Amino acid sequence: MNTPIAEKAVAVSDKSISDEQAVALLGKAYQQILGEVRKVIVGQERVIDEMLIAIFARGHALLVGVPGLAKTLLVSTLARTLSLSFKRIQFTPDLMPSDITGTEILADDEVTGQRKFKFLKGPVFTHVLLADEINRTPPKTQAALLESMQEKKVSVGGDEYKLEEPFFVLATQNPIEQEGTYPLPEAQLDRFLFNILVDYPDYDEEIGIMKRVTGSEEQIKHAVLQRDEILRLQELVRRLPVADHIFHYVARLVRSTRKDDVLAPQFIKDWVSFGAGPRASLNLILAGKARAMLRGRYHVAIEDIQANALPVLRHRIIPNFAAQSEGLTSDDIVKKLLAAVPTDEKLYEKSTDGKR
């Protein structure tokens with residue numbers, strides 16, 4: 001009963017199969033992953049999809065939602081479905097960097113009897129890390145986690161300790177409690193591949209949640225993919241081919257968010273203080289590749305870019321006072337921009353600079 005589904009239906013780690021076959025197998029595994037997660041989580045399919053895209057694109061995600069939406073349960077369930085270790089850190093004002101990365105202690109050597117420093121690994125040494133309410137801890141502690149996210153290693157006492165791949169951080173922020181918080185600066189927000197919004201469940205989903213959580217039956221979760229399979233698929237994301245017109249479309253979309261760029265429409269000049277940087281372009285391409293792979297496709301379409309535009313751009317576009325006074329959010333601006341930027345492939349195929 002505990003035999004992983006991966007052993008029966010998916011063999012992505014098999015070196016004898018081609019990249020195209022591995023992508024097709026991932027498309028089948030994706031449906032199996034959703035099926036396993038649905039045994040525990042009701043709804044939230046968009047959130048699950050975006051989290052999986054972030055994992056296979058080797059990115060990190062910022063999860064924003066009110067308390068009580070099963071964020072912790074969702075992350076731990078997804079980690080078990082992917083055969084990955086999971087740890088959770090509750091960020092508080094008194095949390096120190098060493099509480100995350102680990103610390104050195106004096107210990108007796110069993111062989112020599114001498115005392116020497118020994119490194120005790122912190123909770124960051126895991127595959128999937130849930131950083132709960134990251135904006136409740138001081139900037140110094142935030143920076144310790146963000147350094148590990150970027151470098152995939154921990155430096156203590158002059159020694160470096162690598163984090164085992166895959167390493168995925170999902171940080172949560174509470175949008176309604178602002179007192180006693182240390183909001184992440186824009187430069188640190190930019191390190192997150194996705195900013196994922198978790199909404200309230202609809203009526204039928206809430207009924208389903210009540211029935212499932214208050215019942216006595218416990219669903220058994222199976223692993224769909226193994227660690228070595230995930231690592232191969234992450235490498236495959238980098239190799240997945242992308243047509244030139246996709247690069248031109250992404251460049252035009254991102255550059256259009258910058259109010260001083262010649263490509264920026266008038267509403268961007270009127271409503272945006274700061275637009276997205278080059279990291280947004282990179283993340284749109286990587287996320288587009290991962291989304292295409294999860295759907296069993298060996299090519300990236302413009303729809304893959306558009307589907308990821310909101311989670312990639314919403315935390316990289318800063319609305320100005322004029323936009324805020326009109327009740328406009330970064331999501332509203334991104335949606336309007338998606339409607340304004342042309343998607344005709346022939347337009348970009350004929351263009352060498354993406355401006356035609």
# chains A, B, ... in the order shown; residues from 1 in each chain; ligands from 1
$ residues_around --residues "segment 193-201 of chain A" --least-positions-apart "4" --cutoff "9 Å" --atoms "only C-alpha atoms" --output "PyMOL selection string"
chain A and resi 42-44+46-47+50-51+54+57-66+69+71+189+205-206+209+279-280+283-284+287+308+310-315
$ write_last_selection --atoms "C-alpha atoms" --output "PDB file, in the first residue's frame"
ATOM      1  CA  VAL A  42     -10.140  20.866  -0.596  1.00  0.00           C
ATOM      2  CA  GLY A  43      -9.836  23.357  -3.456  1.00  0.00           C
ATOM      3  CA  GLN A  44      -6.789  25.661  -3.788  1.00  0.00           C
ATOM      4  CA  ARG A  46      -4.351  27.341  -8.458  1.00  0.00           C
ATOM      5  CA  VAL A  47      -2.190  27.631  -5.335  1.00  0.00           C
ATOM      6  CA  GLU A  50       1.820  27.637  -8.658  1.00  0.00           C
ATOM      7  CA  MET A  51       3.703  25.950  -5.810  1.00  0.00           C
ATOM      8  CA  ALA A  54       8.003  27.178  -8.286  1.00  0.00           C
ATOM      9  CA  ALA A  57      11.685  26.086 -11.615  1.00  0.00           C
ATOM     10  CA  ARG A  58      14.014  26.008  -8.552  1.00  0.00           C
ATOM     11  CA  GLY A  59      12.394  29.130  -7.153  1.00  0.00           C
ATOM     12  CA  HIS A  60      10.913  30.192  -3.844  1.00  0.00           C
ATOM     13  CA  ALA A  61       7.423  31.486  -3.155  1.00  0.00           C
ATOM     14  CA  LEU A  62       5.815  34.055  -0.887  1.00  0.00           C
ATOM     15  CA  LEU A  63       2.353  32.967   0.227  1.00  0.00           C
ATOM     16  CA  VAL A  64      -0.092  35.677   1.281  1.00  0.00           C
ATOM     17  CA  GLY A  65      -3.405  34.851   2.931  1.00  0.00           C
ATOM     18  CA  VAL A  66      -5.401  35.266   6.098  1.00  0.00           C
ATOM     19  CA  LEU A  69      -6.563  28.629   5.186  1.00  0.00           C
ATOM     20  CA  LYS A  71      -1.286  26.824   4.373  1.00  0.00           C
ATOM     21  CA  LEU A 189      10.795  40.491  -2.280  1.00  0.00           C
ATOM     22  CA  GLU A 205     -15.402  24.022  -0.867  1.00  0.00           C
ATOM     23  CA  GLU A 206     -16.127  25.238   2.657  1.00  0.00           C
ATOM     24  CA  ILE A 209     -13.638  21.247   4.301  1.00  0.00           C
ATOM     25  CA  ARG A 279      14.832  39.038 -12.723  1.00  0.00           C
ATOM     26  CA  ALA A 280      11.129  39.170 -13.613  1.00  0.00           C
ATOM     27  CA  ASN A 283      11.431  34.092 -13.762  1.00  0.00           C
ATOM     28  CA  LEU A 284       8.689  34.348 -16.376  1.00  0.00           C
ATOM     29  CA  ALA A 287       8.076  29.468 -14.704  1.00  0.00           C
ATOM     30  CA  ASN A 308       2.353  33.130 -14.502  1.00  0.00           C
ATOM     31  CA  LEU A 310       0.368  37.714 -11.819  1.00  0.00           C
ATOM     32  CA  PRO A 311       2.440  35.702  -9.295  1.00  0.00           C
ATOM     33  CA  VAL A 312       5.693  36.842 -10.942  1.00  0.00           C
ATOM     34  CA  LEU A 313       4.879  40.544 -11.327  1.00  0.00           C
ATOM     35  CA  ARG A 314       2.500  41.455  -8.476  1.00  0.00           C
ATOM     36  CA  HIS A 315       5.332  41.966  -5.956  1.00  0.00           C
TER      37      HIS A 315
END
$ residues_around --residues "Leu263 of chain A" --least-positions-apart "4" --cutoff "12 Å" --atoms "only C-alpha atoms" --output "ChimeraX atom specification"
/A:249,251-259,267-269,337,340-342,353-356
$ write_last_selection --atoms "N, CA and C atoms" --output "PDB file, in the first residue's frame"
ATOM      1  N   TYR A 249       8.228  38.428 -26.446  1.00  0.00           N
ATOM      2  CA  TYR A 249       6.993  38.772 -25.738  1.00  0.00           C
ATOM      3  C   TYR A 249       7.269  39.070 -24.271  1.00  0.00           C
ATOM      4  N   ALA A 251      10.127  40.047 -22.925  1.00  0.00           N
ATOM      5  CA  ALA A 251      10.875  41.298 -22.829  1.00  0.00           C
ATOM      6  C   ALA A 251       9.945  42.502 -22.953  1.00  0.00           C
ATOM      7  N   ARG A 252       9.020  42.430 -23.899  1.00  0.00           N
ATOM      8  CA  ARG A 252       8.098  43.552 -24.075  1.00  0.00           C
ATOM      9  C   ARG A 252       7.168  43.695 -22.875  1.00  0.00           C
ATOM     10  N   LEU A 253       6.694  42.569 -22.345  1.00  0.00           N
ATOM     11  CA  LEU A 253       5.783  42.612 -21.210  1.00  0.00           C
ATOM     12  C   LEU A 253       6.465  43.234 -19.990  1.00  0.00           C
ATOM     13  N   VAL A 254       7.686  42.795 -19.686  1.00  0.00           N
ATOM     14  CA  VAL A 254       8.377  43.292 -18.504  1.00  0.00           C
ATOM     15  C   VAL A 254       8.825  44.731 -18.688  1.00  0.00           C
ATOM     16  N   ARG A 255       9.360  45.063 -19.836  1.00  0.00           N
ATOM     17  CA  ARG A 255       9.818  46.431 -20.062  1.00  0.00           C
ATOM     18  C   ARG A 255       8.650  47.414 -20.059  1.00  0.00           C
ATOM     19  N   SER A 256       7.464  46.923 -20.398  1.00  0.00           N
ATOM     20  CA  SER A 256       6.277  47.794 -20.402  1.00  0.00           C
ATOM     21  C   SER A 256       5.844  48.184 -18.995  1.00  0.00           C
ATOM     22  N   THR A 257       6.381  47.500 -17.961  1.00  0.00           N
ATOM     23  CA  THR A 257       6.032  47.860 -16.583  1.00  0.00           C
ATOM     24  C   THR A 257       6.837  49.056 -16.085  1.00  0.00           C
ATOM     25  N   ARG A 258       7.859  49.475 -16.833  1.00  0.00           N
ATOM     26  CA  ARG A 258       8.741  50.560 -16.393  1.00  0.00           C
ATOM     27  C   ARG A 258       8.281  51.869 -17.014  1.00  0.00           C
ATOM     28  N   LYS A 259       7.916  52.810 -16.171  1.00  0.00           N
ATOM     29  CA  LYS A 259       7.252  54.023 -16.641  1.00  0.00           C
ATOM     30  C   LYS A 259       8.117  54.870 -17.574  1.00  0.00           C
ATOM     31  N   PHE A 267      -1.055  54.248 -19.108  1.00  0.00           N
ATOM     32  CA  PHE A 267      -1.554  53.928 -17.767  1.00  0.00           C
ATOM     33  C   PHE A 267      -0.424  53.480 -16.838  1.00  0.00           C
ATOM     34  N   ILE A 268       0.657  52.943 -17.395  1.00  0.00           N
ATOM     35  CA  ILE A 268       1.819  52.607 -16.571  1.00  0.00           C
ATOM     36  C   ILE A 268       2.492  53.885 -16.085  1.00  0.00           C
ATOM     37  N   LYS A 269       2.633  54.857 -16.959  1.00  0.00           N
ATOM     38  CA  LYS A 269       3.223  56.137 -16.575  1.00  0.00           C
ATOM     39  C   LYS A 269       2.372  56.832 -15.514  1.00  0.00           C
ATOM     40  N   LEU A 337      -2.195  45.317 -18.331  1.00  0.00           N
ATOM     41  CA  LEU A 337      -1.007  45.234 -19.179  1.00  0.00           C
ATOM     42  C   LEU A 337      -1.067  43.998 -20.074  1.00  0.00           C
ATOM     43  N   ALA A 340      -3.015  44.743 -22.967  1.00  0.00           N
ATOM     44  CA  ALA A 340      -2.457  45.780 -23.838  1.00  0.00           C
ATOM     45  C   ALA A 340      -1.292  45.289 -24.686  1.00  0.00           C
ATOM     46  N   VAL A 341      -0.510  44.331 -24.186  1.00  0.00           N
ATOM     47  CA  VAL A 341       0.672  43.859 -24.921  1.00  0.00           C
ATOM     48  C   VAL A 341       0.235  42.836 -25.961  1.00  0.00           C
ATOM     49  N   PRO A 342       0.580  43.056 -27.236  1.00  0.00           N
ATOM     50  CA  PRO A 342       0.133  42.131 -28.300  1.00  0.00           C
ATOM     51  C   PRO A 342       0.750  40.755 -28.145  1.00  0.00           C
ATOM     52  N   ASP A 353      13.845  43.712 -32.274  1.00  0.00           N
ATOM     53  CA  ASP A 353      13.975  44.434 -31.012  1.00  0.00           C
ATOM     54  C   ASP A 353      12.725  44.365 -30.159  1.00  0.00           C
ATOM     55  N   GLY A 354      11.668  43.692 -30.637  1.00  0.00           N
ATOM     56  CA  GLY A 354      10.456  43.526 -29.863  1.00  0.00           C
ATOM     57  C   GLY A 354       9.591  44.756 -29.796  1.00  0.00           C
ATOM     58  N   LYS A 355       9.892  45.798 -30.600  1.00  0.00           N
ATOM     59  CA  LYS A 355       9.159  47.063 -30.483  1.00  0.00           C
ATOM     60  C   LYS A 355       8.111  47.252 -31.565  1.00  0.00           C
ATOM     61  N   ARG A 356       8.078  46.414 -32.553  1.00  0.00           N
ATOM     62  CA  ARG A 356       7.110  46.608 -33.623  1.00  0.00           C
ATOM     63  C   ARG A 356       5.738  46.100 -33.228  1.00  0.00           C
TER      64      ARG A 356
END
$ select_by_dssp --residues "segment 282-314 of chain A" --states "helix (DSSP H, G or I)" --output "PyMOL selection string"
chain A and resi 282-294+302-313
$ write_last_selection --atoms "C-alpha atoms" --output "compact mmCIF listing (two decimals), in the first residue's frame"
# COMPACT_ATOMS: atom_id res chain seq x y z
CA LEU A 282 14.11 35.34 -16.13
CA ASN A 283 11.43 34.09 -13.76
CA LEU A 284 8.69 34.35 -16.38
CA ILE A 285 10.72 32.17 -18.75
CA LEU A 286 11.61 29.58 -16.09
CA ALA A 287 8.08 29.47 -14.70
CA GLY A 288 6.70 29.18 -18.24
CA LYS A 289 8.96 26.20 -18.87
CA ALA A 290 7.91 24.50 -15.63
CA ARG A 291 4.22 25.10 -16.34
CA ALA A 292 4.54 23.63 -19.83
CA MET A 293 6.32 20.56 -18.44
CA LEU A 294 3.66 19.98 -15.80
CA ILE A 302 2.46 32.48 -24.60
CA GLU A 303 -0.40 31.18 -22.44
CA ASP A 304 2.22 29.76 -20.05
CA ILE A 305 3.75 33.23 -19.68
CA GLN A 306 0.38 34.91 -19.20
CA ALA A 307 -0.73 32.34 -16.60
CA ASN A 308 2.35 33.13 -14.50
CA ALA A 309 2.32 36.90 -14.98
CA LEU A 310 0.37 37.71 -11.82
CA PRO A 311 2.44 35.70 -9.30
CA VAL A 312 5.69 36.84 -10.94
CA LEU A 313 4.88 40.54 -11.33
$ residues_around --residues "Ala322 of chain A" --least-positions-apart "4" --cutoff "10 Å" --atoms "only C-alpha atoms" --output "count of residues only"
7
$ residues_around --residues "segment 135-144 of chain A" --least-positions-apart "3" --cutoff "8 Å" --atoms "only C-alpha atoms" --output "list in words"
Phe91, Thr92, Pro93, Asp94, Leu95, Met96, Pro97, Ile100, Thr101, Glu147, Ser148, Gln173, Gly180, Thr181, Tyr182, Pro183 and Leu184 of chain A
$ atom_distance --atom1 "atom CA of Ala223 of chain A" --atom2 "atom CA of Arg80 of chain A"
6.3 Å
$ select_by_dssp --residues "segment 96-164 of chain A" --states "strand (DSSP E)" --output "list in words"
Gly102, Thr103, Glu104, Ile105, Leu106, Ala107, Asp108, Arg115, Lys116, Phe117, Lys118, Phe119, Leu120, Lys121, Val128, Leu129, Leu130, Ala131, Asp132, Lys153, Val154, Ser155, Val156, Asp159, Glu160, Tyr161 and Lys162 of chain A
$ write_last_selection --atoms "C-alpha atoms" --output "PDB file, in the first residue's frame"
ATOM      1  CA  GLY A 102      22.231  26.447  13.132  1.00  0.00           C
ATOM      2  CA  THR A 103      24.989  27.114  15.659  1.00  0.00           C
ATOM      3  CA  GLU A 104      28.323  25.808  16.905  1.00  0.00           C
ATOM      4  CA  ILE A 105      28.621  24.258  20.367  1.00  0.00           C
ATOM      5  CA  LEU A 106      31.537  22.925  22.400  1.00  0.00           C
ATOM      6  CA  ALA A 107      31.401  19.147  22.580  1.00  0.00           C
ATOM      7  CA  ASP A 108      33.709  16.375  23.776  1.00  0.00           C
ATOM      8  CA  ARG A 115      36.656  19.548  23.440  1.00  0.00           C
ATOM      9  CA  LYS A 116      36.030  21.079  20.046  1.00  0.00           C
ATOM     10  CA  PHE A 117      33.348  22.984  18.239  1.00  0.00           C
ATOM     11  CA  LYS A 118      30.543  20.986  16.644  1.00  0.00           C
ATOM     12  CA  PHE A 119      27.995  22.426  14.235  1.00  0.00           C
ATOM     13  CA  LEU A 120      24.340  21.696  14.967  1.00  0.00           C
ATOM     14  CA  LYS A 121      22.270  22.146  11.831  1.00  0.00           C
ATOM     15  CA  VAL A 128      10.820  22.189   1.933  1.00  0.00           C
ATOM     16  CA  LEU A 129      10.897  24.969   4.516  1.00  0.00           C
ATOM     17  CA  LEU A 130       7.796  26.867   5.607  1.00  0.00           C
ATOM     18  CA  ALA A 131       8.833  30.286   6.968  1.00  0.00           C
ATOM     19  CA  ASP A 132       5.650  31.274   8.761  1.00  0.00           C
ATOM     20  CA  LYS A 153      24.437  27.179   1.624  1.00  0.00           C
ATOM     21  CA  VAL A 154      25.083  28.274   5.222  1.00  0.00           C
ATOM     22  CA  SER A 155      28.295  29.922   6.448  1.00  0.00           C
ATOM     23  CA  VAL A 156      29.136  29.467  10.145  1.00  0.00           C
ATOM     24  CA  ASP A 159      32.938  26.918   7.259  1.00  0.00           C
ATOM     25  CA  GLU A 160      30.336  26.464   4.551  1.00  0.00           C
ATOM     26  CA  TYR A 161      27.580  23.865   4.659  1.00  0.00           C
ATOM     27  CA  LYS A 162      25.667  23.156   1.459  1.00  0.00           C
TER      28      LYS A 162
END
$ closest_residue --among "A:Asp261, A:His299, A:Thr81, A:Phe192" --to "Leu240 of chain A" --atoms "only C-alpha atoms"
A:His299
$ closest_residue --among "A:Glu110, A:Asp19, A:Asp344, A:Glu151" --to "Arg238 of chain A" --atoms "only C-alpha atoms"
A:Asp19
